[in-house]
>>> print(open('data-v7.txt').read())   # compact mmCIF, C-alpha atoms
# COMPACT_ATOMS: atom_id res chain seq x y z
CA MET A 1 -56.42 19.35 46.05
CA ALA A 2 -53.47 18.71 43.82
CA ALA A 3 -51.41 21.66 42.76
CA PRO A 4 -51.62 22.47 39.08
CA ALA A 5 -48.71 21.25 37.04
CA VAL A 6 -46.25 24.01 36.25
CA LEU A 7 -45.01 23.91 32.71
CA GLU A 8 -41.37 24.67 32.20
CA PRO A 9 -41.00 27.91 30.22
CA GLU A 10 -40.36 27.30 26.54
CA ARG A 11 -37.24 29.41 26.56
CA ALA A 12 -35.73 27.21 29.25
CA LEU A 13 -36.73 24.12 27.31
CA ALA A 14 -35.22 25.56 24.16
CA ALA A 15 -31.94 26.21 25.98
CA ARG A 16 -31.88 22.60 27.10
CA VAL A 17 -32.65 21.41 23.57
CA LEU A 18 -29.72 23.44 22.30
CA ALA A 19 -27.56 21.57 24.80
CA GLY A 20 -28.79 18.30 23.26
CA ASP A 21 -31.34 17.36 25.95
CA ASP A 22 -33.76 14.93 24.31
CA LEU A 23 -36.23 15.06 27.20
CA ALA A 24 -36.59 18.82 26.81
CA PHE A 25 -37.12 18.31 23.10
CA ARG A 26 -39.87 15.79 23.78
CA GLN A 27 -41.64 18.32 26.00
CA LEU A 28 -41.54 20.96 23.29
CA TYR A 29 -42.61 18.39 20.71
CA ARG A 30 -45.63 17.30 22.75
CA ARG A 31 -46.76 20.87 23.32
CA HIS A 32 -46.61 22.02 19.72
CA THR A 33 -46.88 19.05 17.40
CA PRO A 34 -50.69 18.60 17.62
CA ARG A 35 -51.19 22.08 16.20
CA LEU A 36 -48.38 21.69 13.68
CA PHE A 37 -49.69 18.30 12.56
CA ALA A 38 -53.24 19.62 12.08
CA LEU A 39 -51.92 22.51 10.00
CA VAL A 40 -49.57 20.55 7.76
CA SER A 41 -52.11 17.74 7.31
CA ARG A 42 -54.52 20.27 5.83
CA LEU A 43 -51.81 21.88 3.75
CA VAL A 44 -50.78 18.56 2.16
CA GLY A 45 -54.39 17.59 1.48
CA GLY A 46 -54.71 15.04 4.26
CA ARG A 47 -51.91 12.74 3.07
CA GLU A 48 -50.69 11.39 6.38
CA ALA A 49 -47.30 10.14 5.20
CA ASP A 50 -46.53 13.53 3.68
CA ALA A 51 -47.70 15.24 6.86
CA GLU A 52 -45.34 13.08 8.95
CA ASP A 53 -42.42 13.91 6.68
CA VAL A 54 -43.23 17.60 6.98
CA VAL A 55 -43.46 17.42 10.78
CA GLN A 56 -40.07 15.70 11.02
CA ASP A 57 -38.44 18.13 8.64
CA THR A 58 -40.04 21.07 10.44
CA TRP A 59 -38.65 19.97 13.78
CA PHE A 60 -35.25 19.41 12.21
CA LYS A 61 -35.18 22.92 10.81
CA ALA A 62 -36.58 24.43 14.00
CA THR A 63 -33.95 22.70 16.14
CA GLU A 64 -31.26 23.77 13.73
CA ARG A 65 -32.36 27.41 13.88
CA LEU A 66 -33.40 27.46 17.53
CA GLY A 67 -30.29 29.37 18.56
CA ASP A 68 -31.25 32.20 16.19
CA PHE A 69 -34.90 32.42 17.31
CA ARG A 70 -35.41 35.86 18.90
CA TRP A 71 -38.63 35.06 20.78
CA GLU A 72 -40.36 38.06 19.26
CA CYS A 73 -43.37 35.86 18.46
CA ALA A 74 -44.78 32.73 20.04
CA PHE A 75 -42.72 29.60 19.56
CA GLY A 76 -45.75 27.81 18.06
CA THR A 77 -46.29 30.53 15.50
CA TRP A 78 -42.64 30.39 14.49
CA LEU A 79 -42.77 26.60 14.28
CA CYS A 80 -45.90 26.64 12.10
CA ALA A 81 -44.34 29.21 9.78
CA ILE A 82 -41.41 26.83 9.31
CA GLY A 83 -43.94 24.05 8.66
CA VAL A 84 -45.64 26.08 5.92
CA ASN A 85 -42.29 26.64 4.24
CA VAL A 86 -41.41 22.97 4.46
CA VAL A 87 -44.70 22.11 2.72
CA LYS A 88 -43.83 24.59 0.02
CA GLU A 89 -40.33 23.15 -0.41
CA GLN A 90 -41.61 19.58 -0.53
CA ALA A 91 -44.15 20.46 -3.22
CA ARG A 92 -41.36 22.06 -5.23
CA ARG A 93 -39.07 19.07 -4.77
CA ARG A 94 -41.78 16.73 -5.97
CA MET A 95 -42.10 18.78 -9.13
CA ARG A 96 -45.67 19.54 -8.35
CA ARG A 97 -46.82 22.63 -10.10
CA PRO A 98 -47.11 25.40 -7.54
CA GLU A 99 -50.61 26.34 -8.58
CA VAL A 100 -50.76 30.04 -8.04
CA ASP A 101 -53.70 30.51 -10.37
CA TRP A 102 -56.50 28.34 -11.52
CA PRO A 103 -55.38 26.45 -14.63
CA GLU A 104 -56.16 28.44 -17.80
CA ASP A 105 -58.11 25.66 -19.44
CA HIS A 106 -60.34 25.29 -16.42
CA ASP A 107 -63.42 27.39 -15.78
CA PRO A 108 -63.41 28.70 -12.23
CA PRO A 109 -66.32 27.22 -10.34
CA GLN A 110 -69.32 29.43 -9.75
CA ALA A 111 -71.08 28.77 -6.49
CA ALA A 112 -73.35 30.56 -4.11
CA PRO A 113 -72.45 31.00 -0.45
CA LEU A 114 -73.69 28.17 1.72
CA ASP A 115 -76.10 28.27 4.64
CA ARG A 116 -75.24 24.85 6.01
CA VAL A 117 -71.78 23.32 6.15
CA GLU A 118 -70.59 20.21 7.95
CA PRO A 119 -66.99 20.58 9.21
CA MET A 120 -66.10 17.07 8.03
CA ASP A 121 -67.32 17.83 4.53
CA LEU A 122 -65.47 21.11 4.64
CA ASP A 123 -62.18 19.35 5.48
CA ARG A 124 -62.70 16.97 2.54
CA ALA A 125 -63.42 19.85 0.19
CA ILE A 126 -60.30 21.67 1.35
CA ALA A 127 -58.20 18.55 0.79
CA ALA A 128 -59.46 18.32 -2.79
CA LEU A 129 -58.34 21.87 -3.69
CA PRO A 130 -55.28 22.53 -5.86
CA ASP A 131 -52.15 23.07 -3.72
CA GLY A 132 -51.87 26.85 -4.08
CA TYR A 133 -55.54 27.50 -3.35
CA ARG A 134 -55.56 25.13 -0.45
CA THR A 135 -52.54 26.79 1.15
CA VAL A 136 -54.05 30.28 1.03
CA LEU A 137 -57.48 29.10 2.21
CA VAL A 138 -56.05 27.16 5.14
CA LEU A 139 -53.77 29.97 6.23
CA HIS A 140 -56.48 32.63 5.94
CA ASP A 141 -59.75 30.96 6.87
CA VAL A 142 -58.49 28.29 9.26
CA GLU A 143 -55.32 29.74 10.77
CA GLY A 144 -56.30 33.41 10.66
CA TYR A 145 -53.30 34.79 8.74
CA THR A 146 -53.77 38.16 7.00
CA HIS A 147 -53.10 38.47 3.28
CA GLU A 148 -49.94 40.38 4.07
CA GLU A 149 -48.70 37.58 6.31
CA ILE A 150 -49.58 34.99 3.69
CA GLY A 151 -47.78 37.01 1.06
CA ALA A 152 -44.68 37.27 3.25
CA THR A 153 -44.75 33.58 4.13
CA LEU A 154 -45.33 32.25 0.62
CA GLY A 155 -43.41 34.92 -1.25
CA ILE A 156 -46.41 36.19 -3.19
CA ALA A 157 -48.17 39.56 -3.35
CA ALA A 158 -51.01 40.21 -0.93
CA GLY A 159 -53.28 40.80 -3.97
CA THR A 160 -52.43 37.35 -5.29
CA SER A 161 -53.34 35.91 -1.93
CA LYS A 162 -56.74 37.65 -2.05
CA SER A 163 -57.40 36.43 -5.56
CA GLN A 164 -56.49 32.87 -4.66
CA LEU A 165 -58.66 32.96 -1.57
CA PHE A 166 -61.64 34.08 -3.63
CA TRP A 167 -61.29 31.21 -6.07
CA ALA A 168 -60.52 28.74 -3.32
CA ARG A 169 -63.74 29.60 -1.51
CA GLN A 170 -65.66 29.30 -4.75
CA ALA A 171 -64.19 25.86 -5.34
CA VAL A 172 -65.07 24.75 -1.82
CA ARG A 173 -68.62 26.04 -2.17
CA ALA A 174 -69.00 24.27 -5.47
CA ALA A 175 -67.80 21.01 -3.99
CA LEU A 176 -69.99 21.30 -0.92
CA GLY A 177 -72.98 22.46 -2.97
CA SER A 178 -72.79 19.49 -5.27
CA ARG A 179 -72.43 17.20 -2.28
CA GLN A 180 -75.53 18.72 -0.66
CA LYS A 181 -77.49 18.39 -3.89
CA GLY A 182 -76.49 14.77 -4.15
CA SER A 183 -77.41 13.94 -0.57
CA PRO A 184 -80.92 12.74 0.31
CA ALA A 185 -83.23 15.46 1.60
CA MET B 1 -67.76 47.49 -4.34
CA THR B 2 -67.08 44.24 -2.57
CA ASP B 3 -68.23 41.00 -4.14
CA PRO B 4 -70.55 39.31 -1.61
CA ARG B 5 -68.77 36.06 -2.41
CA ASP B 6 -65.63 37.55 -0.85
CA ASN B 7 -67.08 37.08 2.58
CA LEU B 8 -67.95 33.90 4.37
CA THR B 9 -71.53 33.33 5.41
CA PRO B 10 -72.14 32.80 9.13
CA ALA B 11 -72.64 29.09 8.45
CA GLU B 12 -69.39 28.90 6.53
CA ARG B 13 -67.56 30.82 9.21
CA ARG B 14 -68.90 28.51 11.91
CA ALA B 15 -67.81 25.51 9.87
CA PHE B 16 -64.28 26.88 9.54
CA GLU B 17 -64.17 27.69 13.23
CA ALA B 18 -65.34 24.18 14.07
CA LEU B 19 -62.44 22.57 12.27
CA PRO B 20 -60.02 21.01 14.78
CA ARG B 21 -56.89 23.11 15.24
CA GLU B 22 -55.03 20.32 16.93
CA VAL B 23 -54.70 16.71 15.84
CA GLY B 24 -52.76 14.09 17.74
CA PRO B 25 -49.77 13.03 15.65
CA PRO B 26 -49.38 9.33 14.80
CA LYS B 27 -47.82 7.08 17.39
CA GLY B 28 -44.11 6.63 16.88
CA LEU B 29 -43.61 9.94 15.12
CA GLU B 30 -42.11 11.46 18.26
CA ASP B 31 -39.57 8.65 18.63
CA ARG B 32 -38.72 8.76 14.93
CA THR B 33 -38.21 12.52 15.12
CA VAL B 34 -36.00 12.23 18.19
CA ALA B 35 -34.01 9.42 16.55
CA MET B 36 -33.58 11.51 13.41
CA LEU B 37 -32.26 14.45 15.43
CA GLN B 38 -29.96 12.13 17.38
CA SER B 39 -28.61 10.62 14.19
CA ARG B 40 -27.78 14.11 12.95
CA GLY B 41 -26.02 14.96 16.18
CA MET B 42 -28.55 17.58 17.31
CA LEU B 43 -29.70 15.67 20.37
CA ALA B 44 -27.62 13.56 22.72
CA VAL B 45 -28.06 9.82 22.67
CA PRO B 46 -28.82 8.77 26.25
CA LEU B 47 -26.49 6.15 27.69
CA ARG B 48 -28.08 2.81 28.34
CA PRO B 49 -28.02 1.80 32.01
CA ILE B 50 -25.51 -0.94 32.73
CA ARG B 51 -27.26 -4.08 33.87
CA ALA B 52 -24.94 -5.39 36.53
CA THR B 53 -26.39 -8.72 37.53
CA PRO B 54 -29.08 -10.18 35.25
CA HIS B 55 -26.91 -11.39 32.38
CA ARG B 56 -24.25 -12.83 34.71
CA TRP B 57 -26.43 -15.87 35.23
CA GLN B 58 -27.42 -16.56 31.68
CA PRO B 59 -27.23 -20.24 30.62
CA ALA B 60 -24.14 -19.81 28.41
CA TRP B 61 -22.25 -18.20 31.29
CA LEU B 62 -23.31 -20.97 33.67
CA VAL B 63 -22.19 -23.69 31.26
CA GLY B 64 -18.82 -21.97 30.82
CA ALA B 65 -18.37 -21.56 34.56
CA ALA B 66 -19.23 -25.21 35.18
CA ALA B 67 -16.80 -26.35 32.47
CA ALA B 68 -14.05 -24.17 33.94
CA SER B 69 -14.72 -25.55 37.43
CA LEU B 70 -14.54 -29.13 36.16
CA ALA B 71 -11.31 -28.42 34.29
CA LEU B 72 -9.80 -26.86 37.40
CA PHE B 73 -10.87 -29.83 39.50
CA ALA B 74 -9.46 -32.32 36.98
CA SER B 75 -6.18 -30.39 36.79
CA GLY B 76 -5.92 -30.44 40.57
CA MET B 77 -6.53 -34.17 40.62
CA ALA B 78 -3.88 -34.79 37.97
CA VAL B 79 -1.29 -32.63 39.72
CA GLY B 80 -2.05 -34.31 43.03
CA GLN B 81 -1.64 -37.77 41.52
CA TYR B 82 1.60 -36.78 39.81
CA LEU B 83 3.09 -35.29 42.96
CA GLY B 84 1.99 -38.28 44.99
CA ALA B 85 3.61 -40.69 42.53
CA ARG B 86 6.80 -38.63 42.44
CA THR B 87 7.04 -38.53 46.22
CA ALA B 88 6.55 -42.28 46.32
CA THR B 89 9.31 -42.76 43.74
CA LEU B 90 11.77 -40.63 45.72
CA ALA B 91 10.88 -42.37 48.95
CA ALA B 92 11.40 -45.68 47.26
CA ALA B 93 14.76 -44.53 45.93
CA VAL B 94 15.94 -43.43 49.35
CA GLY B 95 14.58 -46.32 51.21
CA ALA B 96 15.35 -49.08 48.76
CA GLY B 97 17.58 -51.65 50.24
CA SER B 98 19.21 -53.21 47.25
CA MET B 99 21.89 -51.70 45.06
CA ALA B 100 20.06 -52.92 42.04
CA GLN B 101 17.15 -50.66 42.95
CA ARG B 102 19.48 -47.74 43.57
CA ALA B 103 21.15 -48.31 40.25
CA MET B 104 17.75 -48.30 38.55
CA ASN B 105 16.83 -45.07 40.29
CA VAL B 106 20.07 -43.47 39.12
CA GLU B 107 19.31 -44.56 35.60
CA ARG B 108 15.73 -43.22 35.72
CA THR B 109 16.52 -39.87 37.34
CA SER B 110 19.52 -39.40 35.05
CA THR B 111 17.23 -39.79 32.09
CA GLN B 112 14.77 -37.27 33.55
CA TYR B 113 17.61 -34.86 34.29
CA LEU B 114 18.94 -35.10 30.76
CA GLU B 115 15.47 -34.70 29.28
CA ALA B 116 14.85 -31.60 31.39
CA LEU B 117 18.22 -30.17 30.46
CA SER B 118 17.72 -30.95 26.79
CA SER B 119 14.29 -29.39 26.81
CA PHE B 120 15.54 -26.24 28.49
CA SER B 121 18.46 -26.06 26.07
CA ARG B 122 16.10 -26.23 23.06
CA TRP B 123 13.94 -23.36 24.33
CA SER B 124 16.64 -21.34 26.08
CA ASP B 125 16.50 -18.64 23.41
CA SER B 126 13.08 -17.61 24.63
CA ALA B 127 14.19 -17.41 28.27
CA ASP B 128 15.43 -14.20 29.80
CA ALA B 129 19.13 -13.88 30.75
CA GLY B 130 18.54 -14.42 34.48
CA THR B 131 16.58 -17.62 33.98
CA ARG B 132 19.13 -18.94 31.50
CA GLU B 133 21.96 -18.23 33.96
CA ARG B 134 20.20 -19.95 36.85
CA ALA B 135 19.45 -23.05 34.77
CA THR B 136 23.03 -23.21 33.50
CA GLN B 137 24.40 -22.96 37.04
CA ALA B 138 22.05 -25.70 38.20
CA ALA B 139 23.15 -27.92 35.33
CA LEU B 140 26.86 -27.30 36.03
CA THR B 141 26.38 -27.96 39.74
CA SER B 142 24.64 -31.22 38.92
CA LEU B 143 27.36 -32.11 36.46
CA THR B 144 30.09 -31.39 39.04
CA THR B 145 28.34 -33.41 41.73
CA ALA B 146 27.64 -36.24 39.32
CA ALA B 147 31.30 -36.27 38.09
CA ARG B 148 32.56 -36.47 41.65
CA GLU B 149 30.23 -39.37 42.42
CA VAL B 150 31.22 -41.13 39.20
CA ALA B 151 34.92 -40.62 40.06
CA ARG B 152 34.27 -42.10 43.47
CA LEU B 153 32.52 -45.07 41.88
CA ALA B 154 35.19 -45.50 39.21
CA PRO B 155 38.42 -43.68 40.20
CA ASP B 156 40.17 -44.70 37.00
CA ASP B 157 37.44 -43.56 34.63
CA PRO B 158 39.14 -41.06 32.26
CA LEU B 159 35.91 -39.30 31.30
CA ALA B 160 35.01 -38.54 34.92
CA ALA B 161 38.58 -37.35 35.55
CA ALA B 162 38.49 -35.12 32.45
CA VAL B 163 35.18 -33.60 33.45
CA LEU B 164 36.44 -32.86 36.93
CA ARG B 165 39.63 -31.26 35.56
CA GLY B 166 37.63 -29.10 33.19
CA LEU B 167 35.26 -28.02 35.90
CA ALA B 168 38.18 -27.21 38.25
CA GLU B 169 39.80 -25.13 35.50
CA ARG B 170 36.52 -23.27 34.86
CA SER B 171 36.14 -22.65 38.57
CA ARG B 172 39.55 -21.06 38.77
CA GLN B 173 38.85 -18.79 35.81
CA GLY B 174 35.53 -17.83 37.24
CA SER B 175 36.94 -16.82 40.61
CA SER B 176 38.24 -13.57 39.09
CA SER B 177 34.90 -12.83 37.46
CA PRO B 178 31.84 -11.44 39.28
CA SER B 179 30.16 -13.76 41.69
CA ARG B 180 27.82 -16.38 40.26
CA THR B 181 24.72 -17.82 41.64
CA VAL B 182 25.32 -21.35 42.81
CA VAL B 183 22.38 -23.60 43.13
CA TRP B 184 22.55 -26.13 45.90
CA TYR B 185 20.13 -28.92 46.21
>>> encode(input="data-v7.txt", output="structure tokens")
Amino acid sequence: MAAPAVLEPERALAARVLAGDDLAFRQLYRRHTPRLFALVSRLVGGREADAEDVVQDTWFKATERLGDFRWECAFGTWLCAIGVNVVKEQARRRMRRPEVDWPEDHDPPQAAPLDRVEPMDLDRAIAALPDGYRTVLVLHDVEGYTHEEIGATLGIAAGTSKSQLFWARQAVRAALGSRQKGSPA
Amino acid sequence: MTDPRDNLTPAERRAFEALPREVGPPKGLEDRTVAMLQSRGMLAVPLRPIRATPHRWQPAWLVGAAAASLALFASGMAVGQYLGARTATLAAAVGAGSMAQRAMNVERTSTQYLEALSSFSRWSDSADAGTRERATQAALTSLTTAAREVARLAPDDPLAAAVLRGLAERSRQGSSSPSRTVVWY
């Protein structure tokens, strides 16, 4: 029976990356990019080119700050937090309105909780949300962040995060409900 | 009181939990990310292995090598023919029975000697001091020997007598100076 492969500790890999070792970087990249890519893809609404840009920029920033990382949390968590901030910065650079609240001239959707949801439909509904709502919903309902963590990451109050999550869920329910009504019985 | 819409239904929760947390990044993104970090000096650029033998036998190299070999062979042939002809000429000069032939040889070799001397004189500026001195000594030795032979042939010839007097005078002056290199042949 073959012995299980022993993964090199991330701290050792990080030290090698800091010394410029590209092979160590590739190991770290392969371990953490699938999770990072899934997260940022959702945050940018499924736009693959944007997601790739975010992943590259995230790794750039992570490598740049690697020497300052204190290892008080998991490397992947730290990396994803950088990814969330890169998404935020990119949205700001592209002059997209950081939609903290539902636009004033728009009636918030009213929808009942759903008893049947297909994950694929759910991903599509999340992608169609306004940026600010999508970010809070993904971080809370998909990634498991608390409102306090979301507030600290995005620079908003925890109450704002709760409010946005409420309206984001309503919007998703409305989208999924209309889809279910439109589908054949 | 909590709004029931604040909470996810079990079906909604299951749908969120079923969303993939990891997605394989696009092919090529890893290499692009590594290249980006290398271009910014954060990762080392690995040295390419030196291919010792394969490109030595490329067609262009072979053609060049063949041309060089042919040129070397042709040069060897030409030098061989020249030396052979020269040896034959000298042998003919030594072994020729008639004075007419000897006189012709004197005429021909005198011309060659003067051409060689003239050529060296034109380019003597580019020669180093040692070379210039050796060539001058050789020329003077030839001139002395030739003047003696001419004086023997024509004892009353004033030019030969004047040359010999001048050379004798120079020899006397030079005896007090540092030793010179005398070329005998």
>>> atom_distance(input="data-v7.txt", atom1="CA of Val34 (chain B)", atom2="CA of Asp22 (chain A)")
7.1 Å
>>> atom_distance(input="data-v7.txt", atom1="CA of Glu143 (chain A)", atom2="CA of Leu39 (chain A)")
8.0 Å
>>> interface_residues(input="data-v7.txt", of="chain B", to="chain A", cutoff="8 Å", atoms="all atoms listed in the file", output="mmCIF file with C-alpha atoms, in the frame of the given file")
data_model
loop_
_atom_site.group_PDB
_atom_site.id
_atom_site.type_symbol
_atom_site.label_atom_id
_atom_site.label_comp_id
_atom_site.auth_asym_id
_atom_site.auth_seq_id
_atom_site.Cartn_x
_atom_site.Cartn_y
_atom_site.Cartn_z
ATOM 1 C CA ARG B 5 -68.770 36.060 -2.410
ATOM 2 C CA ASP B 6 -65.630 37.550 -0.850
ATOM 3 C CA LEU B 8 -67.950 33.900 4.370
ATOM 4 C CA THR B 9 -71.530 33.330 5.410
ATOM 5 C CA PRO B 10 -72.140 32.800 9.130
ATOM 6 C CA ALA B 11 -72.640 29.090 8.450
ATOM 7 C CA GLU B 12 -69.390 28.900 6.530
ATOM 8 C CA ALA B 15 -67.810 25.510 9.870
ATOM 9 C CA PHE B 16 -64.280 26.880 9.540
ATOM 10 C CA GLU B 17 -64.170 27.690 13.230
ATOM 11 C CA ALA B 18 -65.340 24.180 14.070
ATOM 12 C CA LEU B 19 -62.440 22.570 12.270
ATOM 13 C CA PRO B 20 -60.020 21.010 14.780
ATOM 14 C CA ARG B 21 -56.890 23.110 15.240
ATOM 15 C CA GLU B 22 -55.030 20.320 16.930
ATOM 16 C CA VAL B 23 -54.700 16.710 15.840
ATOM 17 C CA GLY B 24 -52.760 14.090 17.740
ATOM 18 C CA PRO B 25 -49.770 13.030 15.650
ATOM 19 C CA LEU B 29 -43.610 9.940 15.120
ATOM 20 C CA GLU B 30 -42.110 11.460 18.260
ATOM 21 C CA THR B 33 -38.210 12.520 15.120
ATOM 22 C CA VAL B 34 -36.000 12.230 18.190
ATOM 23 C CA LEU B 37 -32.260 14.450 15.430
ATOM 24 C CA MET B 42 -28.550 17.580 17.310
ATOM 25 C CA LEU B 43 -29.700 15.670 20.370
ATOM 26 C CA ALA B 44 -27.620 13.560 22.720
ATOM 27 C CA VAL B 45 -28.060 9.820 22.670
#
>>> residues_near_point(input="data-v7.txt", point="(-31.8, 30.9, 18.9)", cutoff="12 Å", atoms="only C-alpha atoms", output="list in words")
Arg11, Ala12, Leu13, Ala14, Ala15, Arg16, Val17, Leu18, Ala19, Lys61, Ala62, Thr63, Glu64, Arg65, Leu66, Gly67, Asp68, Phe69, Arg70, Trp71, Glu72, Phe75 and Trp78 of chain A
>>> atom_distance(input="data-v7.txt", atom1="CA of Ala171 (chain A)", atom2="CA of Gly45 (chain A)")
14.5 Å
>>> residues_near_point(input="data-v7.txt", point="(-44.7, 19.8, 29.9)", cutoff="9 Å", atoms="all atoms listed in the file", output="ChimeraX atom specification")
/A:5-9,24,26-28,30-31
>>> build_atoms(input="data-v7.txt", residues="region 56-78 of chain A", atoms="N, CA and C atoms", output="mmCIF file, in the coordinates of the input")
data_model
loop_
_atom_site.group_PDB
_atom_site.id
_atom_site.type_symbol
_atom_site.label_atom_id
_atom_site.label_comp_id
_atom_site.auth_asym_id
_atom_site.auth_seq_id
_atom_site.Cartn_x
_atom_site.Cartn_y
_atom_site.Cartn_z
ATOM 1 N N GLN A 56 -41.472 16.035 10.689
ATOM 2 C CA GLN A 56 -40.070 15.700 11.020
ATOM 3 C C GLN A 56 -39.120 16.767 10.503
ATOM 4 N N ASP A 57 -39.336 17.145 9.253
ATOM 5 C CA ASP A 57 -38.440 18.130 8.640
ATOM 6 C C ASP A 57 -38.582 19.488 9.338
ATOM 7 N N THR A 58 -39.802 19.801 9.748
ATOM 8 C CA THR A 58 -40.040 21.070 10.440
ATOM 9 C C THR A 58 -39.280 21.098 11.764
ATOM 10 N N TRP A 59 -39.354 20.007 12.501
ATOM 11 C CA TRP A 59 -38.650 19.970 13.780
ATOM 12 C C TRP A 59 -37.138 20.002 13.580
ATOM 13 N N PHE A 60 -36.689 19.366 12.507
ATOM 14 C CA PHE A 60 -35.250 19.410 12.210
ATOM 15 C C PHE A 60 -34.798 20.849 11.982
ATOM 16 N N LYS A 61 -35.557 21.534 11.125
ATOM 17 C CA LYS A 61 -35.180 22.920 10.810
ATOM 18 C C LYS A 61 -35.313 23.817 12.043
ATOM 19 N N ALA A 62 -36.376 23.604 12.803
ATOM 20 C CA ALA A 62 -36.580 24.430 14.000
ATOM 21 C C ALA A 62 -35.451 24.228 15.003
ATOM 22 N N THR A 63 -35.039 22.971 15.194
ATOM 23 C CA THR A 63 -33.950 22.700 16.140
ATOM 24 C C THR A 63 -32.648 23.305 15.640
ATOM 25 N N GLU A 64 -32.474 23.219 14.327
ATOM 26 C CA GLU A 64 -31.260 23.770 13.730
ATOM 27 C C GLU A 64 -31.170 25.285 13.911
ATOM 28 N N ARG A 65 -32.355 25.935 13.821
ATOM 29 C CA ARG A 65 -32.360 27.410 13.880
ATOM 30 C C ARG A 65 -32.735 27.941 15.271
ATOM 31 N N LEU A 66 -32.899 27.061 16.204
ATOM 32 C CA LEU A 66 -33.400 27.460 17.530
ATOM 33 C C LEU A 66 -32.513 28.528 18.174
ATOM 34 N N GLY A 67 -31.213 28.405 17.967
ATOM 35 C CA GLY A 67 -30.290 29.370 18.560
ATOM 36 C C GLY A 67 -30.479 30.776 18.013
ATOM 37 N N ASP A 68 -31.049 30.884 16.811
ATOM 38 C CA ASP A 68 -31.250 32.200 16.190
ATOM 39 C C ASP A 68 -32.650 32.769 16.464
ATOM 40 N N PHE A 69 -33.522 31.956 17.046
ATOM 41 C CA PHE A 69 -34.900 32.420 17.310
ATOM 42 C C PHE A 69 -34.861 33.533 18.356
ATOM 43 N N ARG A 70 -35.501 34.683 18.017
ATOM 44 C CA ARG A 70 -35.410 35.860 18.900
ATOM 45 C C ARG A 70 -36.549 35.969 19.905
ATOM 46 N N TRP A 71 -37.501 35.068 19.837
ATOM 47 C CA TRP A 71 -38.630 35.060 20.780
ATOM 48 C C TRP A 71 -39.466 36.338 20.671
ATOM 49 N N GLU A 72 -39.509 36.882 19.471
ATOM 50 C CA GLU A 72 -40.360 38.060 19.260
ATOM 51 C C GLU A 72 -41.793 37.655 18.938
ATOM 52 N N CYS A 73 -42.012 36.412 18.633
ATOM 53 C CA CYS A 73 -43.370 35.860 18.460
ATOM 54 C C CYS A 73 -43.442 34.555 19.237
ATOM 55 N N ALA A 74 -44.622 33.980 19.294
ATOM 56 C CA ALA A 74 -44.780 32.730 20.040
ATOM 57 C C ALA A 74 -44.007 31.617 19.329
ATOM 58 N N PHE A 75 -43.496 30.704 20.133
ATOM 59 C CA PHE A 75 -42.720 29.600 19.560
ATOM 60 C C PHE A 75 -43.576 28.805 18.560
ATOM 61 N N GLY A 76 -44.856 28.580 18.931
ATOM 62 C CA GLY A 76 -45.750 27.810 18.060
ATOM 63 C C GLY A 76 -45.972 28.481 16.719
ATOM 64 N N THR A 77 -46.084 29.781 16.741
ATOM 65 C CA THR A 77 -46.290 30.530 15.500
ATOM 66 C C THR A 77 -45.063 30.393 14.593
ATOM 67 N N TRP A 78 -43.903 30.532 15.225
ATOM 68 C CA TRP A 78 -42.640 30.390 14.490
ATOM 69 C C TRP A 78 -42.517 28.991 13.898
#
